[in-house]
$ cat final29.cif   # mmCIF, C-alpha atoms, pLDDT in the B column; chains and numbers go by the auth columns
data_data
#
loop_
_atom_site.group_PDB
_atom_site.id
_atom_site.type_symbol
_atom_site.label_atom_id
_atom_site.label_comp_id
_atom_site.label_asym_id
_atom_site.label_seq_id
_atom_site.Cartn_x
_atom_site.Cartn_y
_atom_site.Cartn_z
_atom_site.B_iso_or_equiv
_atom_site.auth_seq_id
_atom_site.auth_asym_id
ATOM 1 C CA MET A 1 107.609 110.066 126.204 39.00 471 A
ATOM 2 C CA THR A 2 104.852 107.482 126.500 42.00 472 A
ATOM 3 C CA ALA A 3 103.134 105.833 123.585 45.00 473 A
ATOM 4 C CA ASN A 4 99.362 105.425 123.308 47.00 474 A
ATOM 5 C CA PRO A 5 98.027 101.888 122.879 47.00 475 A
ATOM 6 C CA ASN A 6 97.118 101.005 119.301 52.00 476 A
ATOM 7 C CA GLY A 7 93.962 102.756 118.170 55.00 477 A
ATOM 8 C CA MET A 8 93.827 105.164 121.116 49.00 478 A
ATOM 9 C CA GLN A 9 93.988 108.844 120.294 58.00 479 A
ATOM 10 C CA GLU A 10 95.432 111.571 122.443 61.00 480 A
ATOM 11 C CA GLY A 11 93.049 114.078 123.941 56.00 481 A
ATOM 12 C CA PRO A 12 90.654 114.554 126.827 63.00 482 A
ATOM 13 C CA THR A 13 89.220 111.481 128.491 62.00 483 A
ATOM 14 C CA ASP A 14 85.684 111.260 129.824 73.00 484 A
ATOM 15 C CA PHE A 15 85.322 110.039 133.384 80.00 485 A
ATOM 16 C CA ARG A 16 82.286 107.922 134.214 90.00 486 A
ATOM 17 C CA PHE A 17 81.036 107.632 137.760 92.00 487 A
ATOM 18 C CA ASP A 18 79.910 104.179 138.765 93.00 488 A
ATOM 19 C CA PHE A 19 77.000 103.595 141.106 94.00 489 A
ATOM 20 C CA ASP A 20 79.160 102.816 144.136 93.00 490 A
ATOM 21 C CA ARG A 21 81.060 106.125 143.810 92.00 491 A
ATOM 22 C CA PHE A 22 77.795 107.981 143.211 92.00 492 A
ATOM 23 C CA GLU A 23 76.233 106.513 146.356 90.00 493 A
ATOM 24 C CA ARG A 24 79.373 107.216 148.389 92.00 494 A
ATOM 25 C CA MET A 25 79.385 110.878 147.284 89.00 495 A
ATOM 26 C CA PHE A 26 75.819 111.176 148.616 84.00 496 A
ATOM 27 C CA GLU A 27 76.821 109.580 151.893 88.00 497 A
ATOM 28 C CA LEU A 28 79.716 112.031 152.267 91.00 498 A
ATOM 29 C CA GLY A 29 77.534 115.035 151.371 88.00 499 A
ATOM 30 C CA ILE A 30 79.626 115.890 148.302 88.00 500 A
ATOM 31 C CA LEU A 31 76.531 116.284 146.110 85.00 501 A
ATOM 32 C CA ASN A 32 74.454 118.283 148.618 81.00 502 A
ATOM 33 C CA ASP A 33 74.984 121.578 146.772 79.00 503 A
ATOM 34 C CA LEU A 34 73.393 120.155 143.617 75.00 504 A
ATOM 35 C CA GLY A 35 69.960 119.840 145.180 67.00 505 A
ATOM 36 C CA PRO A 36 67.656 116.911 145.780 67.00 506 A
ATOM 37 C CA ARG A 37 66.989 115.924 142.136 78.00 507 A
ATOM 38 C CA ILE A 38 70.116 114.209 140.883 87.00 508 A
ATOM 39 C CA GLU A 39 70.370 111.073 138.783 90.00 509 A
ATOM 40 C CA LEU A 40 73.245 108.962 137.524 92.00 510 A
ATOM 41 C CA LEU A 41 72.742 108.409 133.801 93.00 511 A
ATOM 42 C CA GLU A 42 75.313 106.465 131.790 92.00 512 A
ATOM 43 C CA GLY A 43 78.021 107.426 134.285 91.00 513 A
ATOM 44 C CA ARG A 44 77.138 111.149 134.266 91.00 514 A
ATOM 45 C CA ILE A 45 75.703 112.972 137.242 88.00 515 A
ATOM 46 C CA VAL A 46 72.685 114.889 135.940 87.00 516 A
ATOM 47 C CA GLU A 47 70.760 117.568 137.829 82.00 517 A
ATOM 48 C CA MET A 48 67.077 117.237 137.053 81.00 518 A
ATOM 49 C CA SER A 49 64.558 120.045 136.807 75.00 519 A
ATOM 50 C CA PRO A 50 62.487 120.843 139.898 70.00 520 A
ATOM 51 C CA ILE A 51 59.106 119.102 139.915 78.00 521 A
ATOM 52 C CA GLY A 52 56.298 121.510 139.081 78.00 522 A
ATOM 53 C CA GLY A 53 52.694 121.168 140.231 82.00 523 A
ATOM 54 C CA GLU A 54 51.376 119.508 137.076 84.00 524 A
ATOM 55 C CA HIS A 55 54.261 117.040 136.999 82.00 525 A
ATOM 56 C CA GLY A 56 53.842 116.168 140.678 85.00 526 A
ATOM 57 C CA ASP A 57 50.061 115.900 140.535 91.00 527 A
ATOM 58 C CA THR A 58 50.171 113.624 137.482 93.00 528 A
ATOM 59 C CA SER A 59 52.823 111.401 139.078 93.00 529 A
ATOM 60 C CA VAL A 60 50.747 111.019 142.244 93.00 530 A
ATOM 61 C CA ASP A 61 47.564 110.324 140.258 93.00 531 A
ATOM 62 C CA LEU A 62 49.331 107.610 138.241 95.00 532 A
ATOM 63 C CA ALA A 63 50.763 105.987 141.364 95.00 533 A
ATOM 64 C CA VAL A 64 47.392 106.038 143.157 95.00 534 A
ATOM 65 C CA VAL A 65 45.447 104.609 140.199 94.00 535 A
ATOM 66 C CA LEU A 66 48.003 101.829 139.688 96.00 536 A
ATOM 67 C CA SER A 67 48.228 101.072 143.431 95.00 537 A
ATOM 68 C CA ASN A 68 44.443 100.834 143.684 95.00 538 A
ATOM 69 C CA ALA A 69 44.320 98.527 140.672 94.00 539 A
ATOM 70 C CA LEU A 70 47.028 96.248 142.096 94.00 540 A
ATOM 71 C CA SER A 71 45.432 96.122 145.539 93.00 541 A
ATOM 72 C CA SER A 72 42.217 94.748 144.036 93.00 542 A
ATOM 73 C CA ILE A 73 44.024 91.761 142.470 94.00 543 A
ATOM 74 C CA PRO A 74 45.440 89.462 145.188 91.00 544 A
ATOM 75 C CA THR A 75 48.137 87.833 143.030 90.00 545 A
ATOM 76 C CA LEU A 76 49.458 91.234 141.940 92.00 546 A
ATOM 77 C CA ARG A 77 49.122 92.834 145.377 90.00 547 A
ATOM 78 C CA ASP A 78 51.470 90.230 146.810 90.00 548 A
ATOM 79 C CA ALA A 79 53.951 90.234 143.921 94.00 549 A
ATOM 80 C CA LEU A 80 54.275 93.856 142.776 96.00 550 A
ATOM 81 C CA ARG A 81 54.737 97.262 144.339 95.00 551 A
ATOM 82 C CA VAL A 82 54.089 100.768 143.002 97.00 552 A
ATOM 83 C CA SER A 83 56.698 103.346 144.029 95.00 553 A
ATOM 84 C CA ALA A 84 57.294 106.975 143.161 92.00 554 A
ATOM 85 C CA ALA A 85 60.654 108.714 142.679 85.00 555 A
ATOM 86 C CA VAL A 86 62.783 105.803 143.918 92.00 556 A
ATOM 87 C CA THR A 87 66.229 104.875 142.678 94.00 557 A
ATOM 88 C CA LEU A 88 66.279 102.215 139.971 97.00 558 A
ATOM 89 C CA ARG A 89 69.761 100.778 139.641 97.00 559 A
ATOM 90 C CA ILE A 90 70.628 99.871 136.059 97.00 560 A
ATOM 91 C CA GLY A 91 73.971 98.133 135.818 95.00 561 A
ATOM 92 C CA ASP A 92 77.050 99.858 137.188 95.00 562 A
ATOM 93 C CA TYR A 93 76.601 103.306 135.633 96.00 563 A
ATOM 94 C CA SER A 94 72.959 104.371 135.833 96.00 564 A
ATOM 95 C CA ALA A 95 70.539 105.127 138.658 95.00 565 A
ATOM 96 C CA PRO A 96 67.539 107.062 137.360 95.00 566 A
ATOM 97 C CA GLU A 97 64.589 107.951 139.572 93.00 567 A
ATOM 98 C CA PRO A 98 61.471 107.237 137.515 95.00 568 A
ATOM 99 C CA ASP A 99 58.381 109.201 138.437 95.00 569 A
ATOM 100 C CA VAL A 100 56.477 105.929 138.906 97.00 570 A
ATOM 101 C CA LEU A 101 57.862 102.403 139.069 98.00 571 A
ATOM 102 C CA VAL A 102 55.920 99.155 139.137 98.00 572 A
ATOM 103 C CA ALA A 103 58.304 96.416 140.211 97.00 573 A
ATOM 104 C CA ARG A 104 58.668 93.064 141.851 96.00 574 A
ATOM 105 C CA ARG A 105 59.392 93.392 145.554 90.00 575 A
ATOM 106 C CA ARG A 106 63.036 94.096 146.489 85.00 576 A
ATOM 107 C CA ASN A 107 63.272 91.265 149.025 83.00 577 A
ATOM 108 C CA GLY A 108 65.560 93.129 151.404 85.00 578 A
ATOM 109 C CA ARG A 109 67.803 94.793 148.820 89.00 579 A
ATOM 110 C CA LYS A 110 68.381 98.532 149.286 92.00 580 A
ATOM 111 C CA TYR A 111 67.545 99.503 145.681 94.00 581 A
ATOM 112 C CA TYR A 112 65.301 98.271 142.924 96.00 582 A
ATOM 113 C CA GLU A 113 67.221 96.854 139.973 96.00 583 A
ATOM 114 C CA ALA A 114 66.323 96.783 136.285 97.00 584 A
ATOM 115 C CA ALA A 115 65.342 93.100 136.489 96.00 585 A
ATOM 116 C CA ASP A 116 62.716 93.990 139.131 97.00 586 A
ATOM 117 C CA ALA A 117 60.894 96.527 136.940 98.00 587 A
ATOM 118 C CA VAL A 118 57.757 95.577 135.026 98.00 588 A
ATOM 119 C CA LEU A 119 56.737 99.152 134.141 98.00 589 A
ATOM 120 C CA VAL A 120 58.621 102.448 134.287 98.00 590 A
ATOM 121 C CA ILE A 121 56.776 105.751 133.884 98.00 591 A
ATOM 122 C CA GLU A 122 58.266 109.185 133.309 96.00 592 A
ATOM 123 C CA VAL A 123 55.996 112.232 133.430 95.00 593 A
ATOM 124 C CA SER A 124 57.226 114.678 130.817 93.00 594 A
ATOM 125 C CA VAL A 125 56.487 118.336 131.291 88.00 595 A
ATOM 126 C CA SER A 126 59.859 120.094 131.250 80.00 596 A
ATOM 127 C CA THR A 127 61.812 116.822 130.871 79.00 597 A
ATOM 128 C CA ARG A 128 60.394 115.575 127.562 84.00 598 A
ATOM 129 C CA ASP A 129 63.596 115.963 125.521 84.00 599 A
ATOM 130 C CA ASN A 130 65.704 114.103 128.106 85.00 600 A
ATOM 131 C CA ASP A 131 63.055 111.407 128.514 88.00 601 A
ATOM 132 C CA LEU A 132 63.078 110.779 124.766 90.00 602 A
ATOM 133 C CA ALA A 133 66.797 111.184 124.084 90.00 603 A
ATOM 134 C CA ILE A 134 68.342 109.690 127.237 91.00 604 A
ATOM 135 C CA LYS A 135 65.858 107.598 129.169 94.00 605 A
ATOM 136 C CA ARG A 136 64.069 105.945 126.246 96.00 606 A
ATOM 137 C CA PRO A 137 67.249 104.164 125.039 97.00 607 A
ATOM 138 C CA LEU A 138 68.551 103.631 128.593 97.00 608 A
ATOM 139 C CA TYR A 139 65.435 101.725 129.646 98.00 609 A
ATOM 140 C CA ALA A 140 65.412 99.706 126.412 98.00 610 A
ATOM 141 C CA ARG A 141 69.052 98.634 126.801 97.00 611 A
ATOM 142 C CA ALA A 142 68.269 97.644 130.417 98.00 612 A
ATOM 143 C CA GLY A 143 65.510 95.316 129.180 98.00 613 A
ATOM 144 C CA ILE A 144 62.681 97.126 130.985 98.00 614 A
ATOM 145 C CA PRO A 145 59.634 95.380 129.445 98.00 615 A
ATOM 146 C CA GLU A 146 57.454 98.498 129.259 98.00 616 A
ATOM 147 C CA PHE A 147 58.059 102.255 129.461 98.00 617 A
ATOM 148 C CA TRP A 148 55.422 104.981 129.413 98.00 618 A
ATOM 149 C CA ILE A 149 56.134 108.631 128.758 97.00 619 A
ATOM 150 C CA VAL A 150 53.158 110.581 130.078 97.00 620 A
ATOM 151 C CA GLU A 151 52.707 114.072 128.622 95.00 621 A
ATOM 152 C CA PRO A 152 50.032 115.959 130.606 94.00 622 A
ATOM 153 C CA GLU A 153 50.114 119.084 128.434 93.00 623 A
ATOM 154 C CA ALA A 154 49.428 117.052 125.271 94.00 624 A
ATOM 155 C CA ARG A 155 47.124 114.676 127.202 95.00 625 A
ATOM 156 C CA LEU A 156 48.797 111.565 125.848 96.00 626 A
ATOM 157 C CA ILE A 157 50.781 108.518 126.888 97.00 627 A
ATOM 158 C CA ARG A 158 53.597 107.127 124.743 97.00 628 A
ATOM 159 C CA VAL A 159 53.633 103.376 125.305 98.00 629 A
ATOM 160 C CA LEU A 160 56.930 101.659 124.503 98.00 630 A
ATOM 161 C CA ARG A 161 57.282 97.876 124.531 98.00 631 A
ATOM 162 C CA ASP A 162 59.620 95.207 123.185 98.00 632 A
ATOM 163 C CA PRO A 163 62.961 96.688 124.324 98.00 633 A
ATOM 164 C CA ARG A 164 66.017 96.058 122.167 98.00 634 A
ATOM 165 C CA PRO A 165 69.691 95.875 123.229 97.00 635 A
ATOM 166 C CA ASP A 166 70.537 98.705 120.796 97.00 636 A
ATOM 167 C CA GLY A 167 68.321 101.116 122.764 97.00 637 A
ATOM 168 C CA SER A 168 65.334 101.038 120.437 97.00 638 A
ATOM 169 C CA TRP A 169 61.838 99.732 121.083 98.00 639 A
ATOM 170 C CA GLY A 170 60.056 97.292 118.793 98.00 640 A
ATOM 171 C CA ASP A 171 56.616 98.652 119.631 97.00 641 A
ATOM 172 C CA GLU A 172 55.894 102.354 120.169 96.00 642 A
ATOM 173 C CA ARG A 173 52.444 103.869 120.110 97.00 643 A
ATOM 174 C CA VAL A 174 50.695 106.997 121.297 97.00 644 A
ATOM 175 C CA VAL A 175 47.455 106.742 123.276 97.00 645 A
ATOM 176 C CA THR A 176 45.280 109.864 123.374 96.00 646 A
ATOM 177 C CA ASP A 177 41.975 108.503 124.707 95.00 647 A
ATOM 178 C CA GLY A 178 40.417 105.470 126.314 96.00 648 A
ATOM 179 C CA ALA A 179 42.602 103.369 128.573 96.00 649 A
ATOM 180 C CA VAL A 180 46.018 101.734 128.649 96.00 650 A
ATOM 181 C CA THR A 181 46.494 98.169 129.816 97.00 651 A
ATOM 182 C CA PRO A 182 50.021 97.363 130.997 97.00 652 A
ATOM 183 C CA LEU A 183 51.775 94.201 129.881 97.00 653 A
ATOM 184 C CA PHE A 184 52.061 92.856 133.425 96.00 654 A
ATOM 185 C CA SER A 185 48.264 92.319 133.725 96.00 655 A
ATOM 186 C CA ASP A 186 45.298 92.449 131.389 94.00 656 A
ATOM 187 C CA GLN A 187 43.156 93.077 134.482 94.00 657 A
ATOM 188 C CA VAL A 188 44.642 96.548 135.032 94.00 658 A
ATOM 189 C CA HIS A 189 43.221 99.401 132.963 93.00 659 A
ATOM 190 C CA LEU A 190 44.473 102.947 133.377 94.00 660 A
ATOM 191 C CA SER A 191 41.926 105.404 132.015 93.00 661 A
ATOM 192 C CA LEU A 192 43.408 108.585 130.579 94.00 662 A
ATOM 193 C CA ALA A 193 40.442 110.445 132.055 91.00 663 A
ATOM 194 C CA GLU A 194 41.675 109.448 135.540 86.00 664 A
ATOM 195 C CA VAL A 195 45.113 110.887 134.828 87.00 665 A
ATOM 196 C CA PHE A 196 44.411 114.081 132.852 88.00 666 A
#

$ encode --input "final29.cif" --output "structure tokens"
Amino acid sequence: MTANPNGMQEGPTDFRFDFDRFERMFELGILNDLGPRIELLEGRIVEMSPIGGEHGDTSVDLAVVLSNALSSIPTLRDALRVSAAVTLRIGDYSAPEPDVLVARRRNGRKYYEAADAVLVIEVSVSTRDNDLAIKRPLYARAGIPEFWIVEPEARLIRVLRDPRPDGSWGDERVVTDGAVTPLFSDQVHLSLAEVF
């Protein structure tokens, strides 16, 4: 009979996948049956909902508007990049695929990392509950400076700033009209009318 270490209870143990195992399973085709929309969140492999038309259209519109804004500002055009549905590596146990990511250039690395991100955007149509319950604290703990949850059906953008290590945000507000200016530049203005 073996004894448990002090404070450890008997019972089932959760297994957490790390990023290297997750990536290797993709390379070996182990995850092929789960479909194309899979993320690693806090060590769990999560199958995401298929992207519907409204979700996809809004994501593309956001990426285009932000790309156009960055391209008109030389210092930003050279420093930042707008990407859609790319892997954002957060530590050893998370690799979400934000709908839109504004980040510093990768400089030859295969994946963007949390420290590269200046703005993460999730478009919430069928994913709202997961975006609020899972991704909101995940991005805060990772120190992402700004996170937007865009809700096309409600025609609003939740703007979250001042991330805290406990997974909360010091500044959360809801924008329903006008424009949103991201923290990374006061020269960029995203009009809600351009998105919805």

$ residues_around --input "final29.cif" --residues "Val572 in chain A" --least-positions-apart "2" --cutoff "12 Å" --atoms "all atoms listed in the file" --output "number ranges by chain"
A: 532-537, 539-540, 546-547, 549-556, 558, 568-570, 574-576, 582-592, 614-618, 652-655

$ residues_near_point --input "final29.cif" --point "(78.0, 104.8, 141.2)" --cutoff "10 Å" --atoms "only C-alpha atoms" --output "ChimeraX atom specification"
/A:486-495,510-515,559,561-565

$ closest_residue --input "final29.cif" --among "A:Glu642, A:Asp636, A:Asp527, A:Glu567" --to "Pro622 in chain A" --atoms "all atoms listed in the file"
A:Asp527

$ residues_around --input "final29.cif" --residues "Arg625 in chain A" --least-positions-apart "6" --cutoff "9 Å" --atoms "all atoms listed in the file" --output "list in words"
Val645, Thr646, Asp647, Leu662, Val665 and Phe666 of chain A

$ atom_distance --input "final29.cif" --atom1 "CA of Trp639 in chain A" --atom2 "CA of Ala612 in chain A"
11.5 Å

$ closest_residue --input "final29.cif" --among "A:Leu660, A:Leu501, A:Val620, A:Ala573" --to "Thr597 in chain A" --atoms "all atoms listed in the file"
A:Val620

$ resolve_selection --input "final29.cif" --expression "the PyMOL selection byres ((chain A and resi 608) around 10)" --output "PyMOL selection string"
chain A and resi 511-512+560+564+566+601-607+609-614+633+635-638

$ closest_residue --input "final29.cif" --among "A:Asn538, A:Thr557, A:Ser594, A:Asn600" --to "Ile619 in chain A" --atoms "only C-alpha atoms"
A:Ser594

$ closest_residue --input "final29.cif" --among "A:Phe485, A:Val629, A:Asp656, A:Arg598" --to "Arg643 in chain A" --atoms "all atoms listed in the file"
A:Val629

$ atom_distance --input "final29.cif" --atom1 "CA of Gly578 in chain A" --atom2 "CA of Thr528 in chain A"
29.2 Å

$ residues_around --input "final29.cif" --residues "Glu517 in chain A" --least-positions-apart "5" --cutoff "8 Å" --atoms "all atoms listed in the file" --output "VMD selection string"
chain A and resid 504 to 505 507 to 509

$ decode --input "final29.cif" --residues "range 595-611 of chain A" --atoms "N, CA, C and O atoms" --output "PDB file, in the first residue's frame"
ATOM      1  N   VAL A 595     -20.725  35.502 -30.834  1.00  0.00           N
ATOM      2  CA  VAL A 595     -22.085  35.221 -31.296  1.00  0.00           C
ATOM      3  C   VAL A 595     -22.552  34.001 -30.518  1.00  0.00           C
ATOM      4  O   VAL A 595     -23.316  34.114 -29.577  1.00  0.00           O
ATOM      5  N   SER A 596     -22.025  32.833 -30.839  1.00  0.00           N
ATOM      6  CA  SER A 596     -22.373  31.627 -30.087  1.00  0.00           C
ATOM      7  C   SER A 596     -21.356  31.337 -28.981  1.00  0.00           C
ATOM      8  O   SER A 596     -21.547  30.420 -28.197  1.00  0.00           O
ATOM      9  N   THR A 597     -20.279  32.128 -28.901  1.00  0.00           N
ATOM     10  CA  THR A 597     -19.201  31.853 -27.955  1.00  0.00           C
ATOM     11  C   THR A 597     -19.183  32.796 -26.752  1.00  0.00           C
ATOM     12  O   THR A 597     -18.241  32.773 -25.967  1.00  0.00           O
ATOM     13  N   ARG A 598     -20.210  33.598 -26.587  1.00  0.00           N
ATOM     14  CA  ARG A 598     -20.200  34.642 -25.560  1.00  0.00           C
ATOM     15  C   ARG A 598     -19.904  34.103 -24.161  1.00  0.00           C
ATOM     16  O   ARG A 598     -19.087  34.655 -23.425  1.00  0.00           O
ATOM     17  N   ASP A 599     -20.555  33.029 -23.755  1.00  0.00           N
ATOM     18  CA  ASP A 599     -20.352  32.499 -22.405  1.00  0.00           C
ATOM     19  C   ASP A 599     -18.904  32.077 -22.180  1.00  0.00           C
ATOM     20  O   ASP A 599     -18.319  32.375 -21.141  1.00  0.00           O
ATOM     21  N   ASN A 600     -18.311  31.374 -23.164  1.00  0.00           N
ATOM     22  CA  ASN A 600     -16.910  30.970 -23.040  1.00  0.00           C
ATOM     23  C   ASN A 600     -15.970  32.176 -23.064  1.00  0.00           C
ATOM     24  O   ASN A 600     -14.964  32.191 -22.354  1.00  0.00           O
ATOM     25  N   ASP A 601     -16.282  33.165 -23.887  1.00  0.00           N
ATOM     26  CA  ASP A 601     -15.436  34.353 -23.954  1.00  0.00           C
ATOM     27  C   ASP A 601     -15.418  35.080 -22.614  1.00  0.00           C
ATOM     28  O   ASP A 601     -14.370  35.559 -22.176  1.00  0.00           O
ATOM     29  N   LEU A 602     -16.566  35.130 -21.954  1.00  0.00           N
ATOM     30  CA  LEU A 602     -16.645  35.802 -20.656  1.00  0.00           C
ATOM     31  C   LEU A 602     -16.063  34.948 -19.527  1.00  0.00           C
ATOM     32  O   LEU A 602     -15.308  35.437 -18.689  1.00  0.00           O
ATOM     33  N   ALA A 603     -16.399  33.676 -19.508  1.00  0.00           N
ATOM     34  CA  ALA A 603     -16.005  32.820 -18.387  1.00  0.00           C
ATOM     35  C   ALA A 603     -14.584  32.290 -18.489  1.00  0.00           C
ATOM     36  O   ALA A 603     -13.905  32.127 -17.477  1.00  0.00           O
ATOM     37  N   ILE A 604     -14.106  32.016 -19.699  1.00  0.00           N
ATOM     38  CA  ILE A 604     -12.795  31.381 -19.865  1.00  0.00           C
ATOM     39  C   ILE A 604     -11.758  32.363 -20.403  1.00  0.00           C
ATOM     40  O   ILE A 604     -10.679  32.526 -19.826  1.00  0.00           O
ATOM     41  N   LYS A 605     -12.071  33.023 -21.495  1.00  0.00           N
ATOM     42  CA  LYS A 605     -11.052  33.855 -22.128  1.00  0.00           C
ATOM     43  C   LYS A 605     -10.821  35.186 -21.418  1.00  0.00           C
ATOM     44  O   LYS A 605      -9.693  35.677 -21.379  1.00  0.00           O
ATOM     45  N   ARG A 606     -11.865  35.764 -20.850  1.00  0.00           N
ATOM     46  CA  ARG A 606     -11.670  37.032 -20.128  1.00  0.00           C
ATOM     47  C   ARG A 606     -10.625  36.883 -19.027  1.00  0.00           C
ATOM     48  O   ARG A 606      -9.656  37.639 -18.990  1.00  0.00           O
ATOM     49  N   PRO A 607     -10.726  35.893 -18.127  1.00  0.00           N
ATOM     50  CA  PRO A 607      -9.673  35.763 -17.103  1.00  0.00           C
ATOM     51  C   PRO A 607      -8.334  35.260 -17.659  1.00  0.00           C
ATOM     52  O   PRO A 607      -7.274  35.652 -17.178  1.00  0.00           O
ATOM     53  N   LEU A 608      -8.378  34.414 -18.684  1.00  0.00           N
ATOM     54  CA  LEU A 608      -7.147  33.904 -19.288  1.00  0.00           C
ATOM     55  C   LEU A 608      -6.293  35.053 -19.835  1.00  0.00           C
ATOM     56  O   LEU A 608      -5.090  35.151 -19.562  1.00  0.00           O
ATOM     57  N   TYR A 609      -6.912  35.944 -20.597  1.00  0.00           N
ATOM     58  CA  TYR A 609      -6.181  37.060 -21.177  1.00  0.00           C
ATOM     59  C   TYR A 609      -5.694  38.034 -20.101  1.00  0.00           C
ATOM     60  O   TYR A 609      -4.617  38.619 -20.225  1.00  0.00           O
ATOM     61  N   ALA A 610      -6.474  38.216 -19.050  1.00  0.00           N
ATOM     62  CA  ALA A 610      -6.033  39.101 -17.960  1.00  0.00           C
ATOM     63  C   ALA A 610      -4.809  38.526 -17.259  1.00  0.00           C
ATOM     64  O   ALA A 610      -3.814  39.221 -17.042  1.00  0.00           O
ATOM     65  N   ARG A 611      -4.859  37.239 -16.910  1.00  0.00           N
ATOM     66  CA  ARG A 611      -3.719  36.611 -16.230  1.00  0.00           C
ATOM     67  C   ARG A 611      -2.467  36.637 -17.108  1.00  0.00           C
ATOM     68  O   ARG A 611      -1.348  36.683 -16.597  1.00  0.00           O
TER      69      ARG A 611
END
